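Text of the file protein_39.pdb, holding PDB, C-alpha atoms:
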ATOM      1  CA  MET A 591       2.352 -17.143   6.853
ATOM      2  CA  SER A 592       3.181 -15.961   3.371
ATOM      3  CA  PHE A 593       1.224 -13.875   0.924
ATOM      4  CA  ALA A 594       1.335 -16.863  -1.395
ATOM      5  CA  ASP A 595      -1.054 -18.439   1.143
ATOM      6  CA  ALA A 596      -3.377 -15.440   1.293
ATOM      7  CA  ASP A 597      -6.212 -14.591  -1.040
ATOM      8  CA  LEU A 598      -5.472 -11.093  -2.266
ATOM      9  CA  PRO A 599      -8.380  -9.037  -3.572
ATOM     10  CA  ASP A 600      -8.743  -8.355  -7.283
ATOM     11  CA  GLY A 601      -6.125  -5.996  -8.615
ATOM     12  CA  TRP A 602      -3.532  -6.609  -5.889
ATOM     13  CA  ARG A 603      -0.330  -8.528  -6.639
ATOM     14  CA  VAL A 604       2.635  -9.671  -4.579
ATOM     15  CA  TRP A 605       5.556  -7.579  -5.830
ATOM     16  CA  THR A 606       8.099  -9.022  -3.402
ATOM     17  CA  ASP A 607       7.943 -11.525  -0.557
ATOM     18  CA  ASP A 608      11.439 -11.591   0.937
ATOM     19  CA  ASP A 609      12.960 -14.372   3.013
ATOM     20  CA  ASP A 610      13.320 -11.951   5.942
ATOM     21  CA  GLY A 611       9.546 -11.484   6.045
ATOM     22  CA  ARG A 612       9.288  -8.099   4.397
ATOM     23  CA  SER A 613       6.753  -7.923   1.586
ATOM     24  CA  ILE A 614       5.384  -5.456  -0.918
ATOM     25  CA  LEU A 615       1.937  -5.620  -2.493
ATOM     26  CA  VAL A 616       0.978  -3.444  -5.471
ATOM     27  CA  TYR A 617      -2.373  -2.435  -6.915
ATOM     28  CA  ARG A 618      -3.026  -2.624 -10.642
ATOM     29  CA  PRO A 619       0.539  -2.439 -11.981
ATOM     30  CA  ASP A 620      -1.074  -2.789 -15.431
ATOM     31  CA  VAL A 621      -2.597   0.696 -14.998
ATOM     32  CA  PHE A 622       0.033   2.505 -12.919
ATOM     33  CA  ASP A 623       2.795   1.456 -15.286
ATOM     34  CA  SER A 624       4.518   4.806 -15.989
ATOM     35  CA  GLU A 625       2.717   5.110 -19.335
ATOM     36  CA  GLN A 626      -0.927   5.697 -18.363
ATOM     37  CA  TYR A 627       0.013   7.120 -14.949
ATOM     38  CA  PRO A 628       3.398   7.800 -13.370
ATOM     39  CA  ALA A 629       4.877   4.708 -11.727
ATOM     40  CA  PRO A 630       5.185   6.514  -8.350
ATOM     41  CA  CYS A 631       1.357   6.620  -8.275
ATOM     42  CA  LEU A 632       1.253   2.825  -7.932
ATOM     43  CA  PRO A 633      -0.679   2.127  -4.701
ATOM     44  CA  THR A 634       1.598  -0.008  -2.557
ATOM     45  CA  ILE A 635       1.315  -1.841   0.743
ATOM     46  CA  TYR A 636       4.574  -2.405   2.609
ATOM     47  CA  LEU A 637       4.867  -5.012   5.334
ATOM     48  CA  THR A 638       8.112  -4.563   7.232
ATOM     49  CA  ASN A 639       9.637  -4.914  10.645
ATOM     50  CA  GLY A 640      12.162  -2.143  10.111
ATOM     51  CA  ALA A 641      12.417   0.862  12.384
ATOM     52  CA  ARG A 642       9.911   3.597  11.488
ATOM     53  CA  ASN A 643      12.254   6.515  12.265
ATOM     54  CA  GLN A 644      12.392   9.233   9.649
ATOM     55  CA  ARG A 645      16.177   9.350   9.489
ATOM     56  CA  PRO A 646      17.833   7.808   6.417
ATOM     57  CA  GLY A 647      18.656   4.138   6.765
ATOM     58  CA  ALA A 648      16.417   3.612   9.811
ATOM     59  CA  GLY A 649      14.343   0.978   8.009
ATOM     60  CA  GLN A 650      17.343  -1.333   7.747
ATOM     61  CA  TYR A 651      17.248  -2.014  11.502
ATOM     62  CA  ARG A 652      14.899  -4.869  12.366
ATOM     63  CA  THR A 653      12.483  -4.467  15.252
ATOM     64  CA  ASP A 654      10.094  -6.796  17.082
ATOM     65  CA  GLU A 655       7.089  -4.992  15.600
ATOM     66  CA  TRP A 656       5.605  -5.413  12.137
ATOM     67  CA  HIS A 657       4.285  -2.421  10.204
ATOM     68  CA  VAL A 658       1.645  -2.381   7.465
ATOM     69  CA  THR A 659       1.680   0.844   5.459
ATOM     70  CA  LEU A 660      -0.432   1.804   2.464
ATOM     71  CA  PHE A 661       1.280   4.355   0.232
ATOM     72  CA  LEU A 662      -0.413   6.134  -2.667
ATOM     73  CA  GLU A 663       2.920   7.656  -3.685
ATOM     74  CA  PRO A 664       6.339   7.504  -2.014
ATOM     75  CA  GLU A 665       5.560  10.441   0.298
ATOM     76  CA  ILE A 666       1.782   9.926   0.572
ATOM     77  CA  GLU A 667       0.955   7.504   3.383
ATOM     78  CA  ALA A 668      -2.747   6.642   3.527
ATOM     79  CA  GLU A 669      -2.694   4.173   6.444
ATOM     80  CA  SER A 670      -0.147   2.740   8.810
ATOM     81  CA  THR A 671      -0.604   0.225  11.621
ATOM     82  CA  THR A 672       1.732  -1.777  13.840
ATOM     83  CA  TYR A 673       1.411  -5.418  14.940
ATOM     84  CA  ASP A 674       3.238  -7.662  17.382
ATOM     85  CA  ASP A 675       3.772 -10.513  14.923
ATOM     86  CA  ARG A 676       4.026 -11.080  11.198
ATOM     87  CA  ASP A 677       0.947 -13.295  10.863
ATOM     88  CA  ALA A 678      -1.269 -10.536  12.251
ATOM     89  CA  ALA A 679       0.431  -8.049   9.938
ATOM     90  CA  VAL A 680      -0.167 -10.291   6.893
ATOM     91  CA  ASP A 681      -3.862 -10.527   7.800
ATOM     92  CA  ALA A 682      -3.982  -6.755   8.228
ATOM     93  CA  ALA A 683      -2.267  -6.144   4.884
ATOM     94  CA  VAL A 684      -4.847  -8.344   3.144
ATOM     95  CA  ASP A 685      -7.601  -6.411   4.950
ATOM     96  CA  VAL A 686      -6.169  -3.047   3.844
ATOM     97  CA  ALA A 687      -5.903  -4.352   0.273
ATOM     98  CA  ALA A 688      -9.526  -5.538   0.365
ATOM     99  CA  ARG A 689     -10.808  -2.248   1.773
ATOM    100  CA  PHE A 690      -8.829  -0.298  -0.833
ATOM    101  CA  ALA A 691     -10.064  -2.485  -3.709
ATOM    102  CA  ALA A 692     -13.646  -2.050  -2.472
ATOM    103  CA  GLY A 693     -13.306   1.751  -2.441
ATOM    104  CA  ASP A 694     -13.380   1.939   1.361
ATOM    105  CA  VAL A 695     -10.129   3.901   1.787
ATOM    106  CA  ASP A 696     -10.484   7.687   1.576
ATOM    107  CA  TYR A 697      -7.421   8.472  -0.515
ATOM    108  CA  ARG A 698      -8.523  12.072  -1.138
ATOM    109  CA  ALA A 699      -8.178  12.933   2.558
ATOM    110  CA  VAL A 700      -4.407  12.350   2.630
ATOM    111  CA  TYR A 701      -3.540  14.799  -0.156
ATOM    112  CA  GLN A 702      -2.901  18.488   0.432
ATOM    113  CA  VAL A 703      -2.842  19.177  -3.314
ATOM    114  CA  PRO A 704      -5.525  17.133  -5.116
ATOM    115  CA  ARG A 705      -4.595  15.005  -8.122
ATOM    116  CA  GLU A 706      -8.016  14.873  -9.759
ATOM    117  CA  ASP A 707      -7.050  12.664 -12.743
ATOM    118  CA  TYR A 708      -5.439  10.159 -10.380
ATOM    119  CA  PHE A 709      -8.454  10.208  -8.057
ATOM    120  CA  ALA A 710     -10.806   9.700 -11.004
ATOM    121  CA  GLU A 711      -8.827   6.620 -12.076
ATOM    122  CA  LEU A 712      -8.822   5.213  -8.538
ATOM    123  CA  ASP A 713     -12.568   5.902  -8.283
ATOM    124  CA  ASP A 714     -13.136   4.023 -11.523
ATOM    125  CA  LEU A 715     -10.960   1.056 -10.507
ATOM    126  CA  THR A 716     -12.353   0.720  -6.986
ATOM    127  CA  GLY A 717     -15.958   1.742  -7.627
ATOM    128  CA  ARG A 718     -15.645   4.524  -5.052
ATOM    129  CA  SER A 719     -17.929   7.508  -5.422
ATOM    130  CA  PRO A 720     -16.061  10.848  -5.573
ATOM    131  CA  ASP A 721     -18.485  12.131  -2.950
ATOM    132  CA  ALA A 722     -17.849   9.280  -0.485
TER     133      ALA A 722
END
Could you spell out this file's structure in structure tokens?
Amino acid sequence: MSFADADLPDGWRVWTDDDDGRSILVYRPDVFDSEQYPAPCLPTIYLTNGARNQRPGAGQYRTDEWHVTLFLEPEIEAESTTYDDRDAAVDAAVDVAARFAAGDVDYRAVYQVPREDYFAELDDLTGRSPDA
């Protein structure tokens, strides 16, 4: 199953869909374009079967598990789940994208230091209430 086959929610785009199965989805690259907001703030979903170890280069080693990770910034991981096969991971990535686009992901909870302007933009784009 490829992301080309999946219906992504509004605002989400396939950034890469590699032959080895790894994929990257991005949210509203027209907004988080390094001009309005810094490019690292681009919400991103990674689908990979690389090792999840924290040591450098660990991700280059393929595993039998597939990981779906939503990042708000390179070091800010909002959600991460593991699946036994890629098809289940693709479905999960689409589900995470849909929940995010609907404002159902609590992105404030994963930050130690709030980024209020960024949160306000995400609230506006997703329709999420700041009090949710």
Nearest-residue call for Leu637 of chain A, choices A:Ala668, A:Ala679, A:Leu662, A:Val616, using all atoms listed in the file: A:Ala679
Within 9 Å of segment 712-720 of chain A, which residues of segment 625-701 of chain A come that close, and what is the closest atom pair and distance in Å for each? Count only C-alpha atoms and give it as a Markdown table.
| residue | atom | partner | partner_atom | distance |
| --- | --- | --- | --- | --- |
| A:Phe690 | CA | A:Thr716 | CA | 7.2 |
| A:Ala691 | CA | A:Thr716 | CA | 5.1 |
| A:Ala692 | CA | A:Thr716 | CA | 5.5 |
| A:Gly693 | CA | A:Arg718 | CA | 4.5 |
| A:Asp694 | CA | A:Arg718 | CA | 7.3 |
| A:Val695 | CA | A:Arg718 | CA | 8.8 |
| A:Asp696 | CA | A:Arg718 | CA | 9.0 |
| A:Tyr697 | CA | A:Leu712 | CA | 8.8 |
| A:Arg698 | CA | A:Pro720 | CA | 8.8 |
Selection: 10 Å around Ala682 of chain A, all atoms listed in the file, excl. self and same-chain fewer than 4 positions, as a ChimeraX atom specification: /A:637,657-659,671-673,676-678,686-688
Selected residues written out, C-alpha atoms, as a PDB file, keeping the file's coordinate frame:
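After the write, again09.pdb holds the following:
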ATOM      1  CA  LEU A 637       4.867  -5.012   5.334  1.00  0.00           C
ATOM      2  CA  HIS A 657       4.285  -2.421  10.204  1.00  0.00           C
ATOM      3  CA  VAL A 658       1.645  -2.381   7.465  1.00  0.00           C
ATOM      4  CA  THR A 659       1.680   0.844   5.459  1.00  0.00           C
ATOM      5  CA  THR A 671      -0.604   0.225  11.621  1.00  0.00           C
ATOM      6  CA  THR A 672       1.732  -1.777  13.840  1.00  0.00           C
ATOM      7  CA  TYR A 673       1.411  -5.418  14.940  1.00  0.00           C
ATOM      8  CA  ARG A 676       4.026 -11.080  11.198  1.00  0.00           C
ATOM      9  CA  ASP A 677       0.947 -13.295  10.863  1.00  0.00           C
ATOM     10  CA  ALA A 678      -1.269 -10.536  12.251  1.00  0.00           C
ATOM     11  CA  VAL A 686      -6.169  -3.047   3.844  1.00  0.00           C
ATOM     12  CA  ALA A 687      -5.903  -4.352   0.273  1.00  0.00           C
ATOM     13  CA  ALA A 688      -9.526  -5.538   0.365  1.00  0.00           C
TER      14      ALA A 688
END
Interatomic distance, atom CA of Tyr627 of chain A to atom CA of Ile666 of chain A (Å, one decimal):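 Those two atoms sit 15.9 Å apart.
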Atom CA of Cys631 of chain A to atom CA of Pro704 of chain A, distance in Å rounded to a single decimal: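 These two atoms are separated by 13.0 Å.
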Contacts of Ile635 of chain A at 6 Å (only C-alpha atoms; same-chain gap of 4+ positions) as a VMD selection string: chain A and resid 614 to 615 659 to 660
Interatomic distance (Å, one decimal) between atom CA of Arg705 of chain A and atom CA of Glu667 of chain A: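 Atom-to-atom, atom CA of Arg705 of chain A to atom CA of Glu667 of chain A, that is 14.8 Å.
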Result set, the PyMOL selection byres ((chain A and resi 606) around 12) on current file, as a PyMOL selection string: chain A and resi 592-594+603-605+607-616+634-638
What does the file look like for those residues with C-alpha atoms, as a PDB file, in the coordinates of the input?
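Here's the written file out.pdb:
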ATOM      1  CA  SER A 592       3.181 -15.961   3.371  1.00  0.00           C
ATOM      2  CA  PHE A 593       1.224 -13.875   0.924  1.00  0.00           C
ATOM      3  CA  ALA A 594       1.335 -16.863  -1.395  1.00  0.00           C
ATOM      4  CA  ARG A 603      -0.330  -8.528  -6.639  1.00  0.00           C
ATOM      5  CA  VAL A 604       2.635  -9.671  -4.579  1.00  0.00           C
ATOM      6  CA  TRP A 605       5.556  -7.579  -5.830  1.00  0.00           C
ATOM      7  CA  ASP A 607       7.943 -11.525  -0.557  1.00  0.00           C
ATOM      8  CA  ASP A 608      11.439 -11.591   0.937  1.00  0.00           C
ATOM      9  CA  ASP A 609      12.960 -14.372   3.013  1.00  0.00           C
ATOM     10  CA  ASP A 610      13.320 -11.951   5.942  1.00  0.00           C
ATOM     11  CA  GLY A 611       9.546 -11.484   6.045  1.00  0.00           C
ATOM     12  CA  ARG A 612       9.288  -8.099   4.397  1.00  0.00           C
ATOM     13  CA  SER A 613       6.753  -7.923   1.586  1.00  0.00           C
ATOM     14  CA  ILE A 614       5.384  -5.456  -0.918  1.00  0.00           C
ATOM     15  CA  LEU A 615       1.937  -5.620  -2.493  1.00  0.00           C
ATOM     16  CA  VAL A 616       0.978  -3.444  -5.471  1.00  0.00           C
ATOM     17  CA  THR A 634       1.598  -0.008  -2.557  1.00  0.00           C
ATOM     18  CA  ILE A 635       1.315  -1.841   0.743  1.00  0.00           C
ATOM     19  CA  TYR A 636       4.574  -2.405   2.609  1.00  0.00           C
ATOM     20  CA  LEU A 637       4.867  -5.012   5.334  1.00  0.00           C
ATOM     21  CA  THR A 638       8.112  -4.563   7.232  1.00  0.00           C
TER      22      THR A 638
END
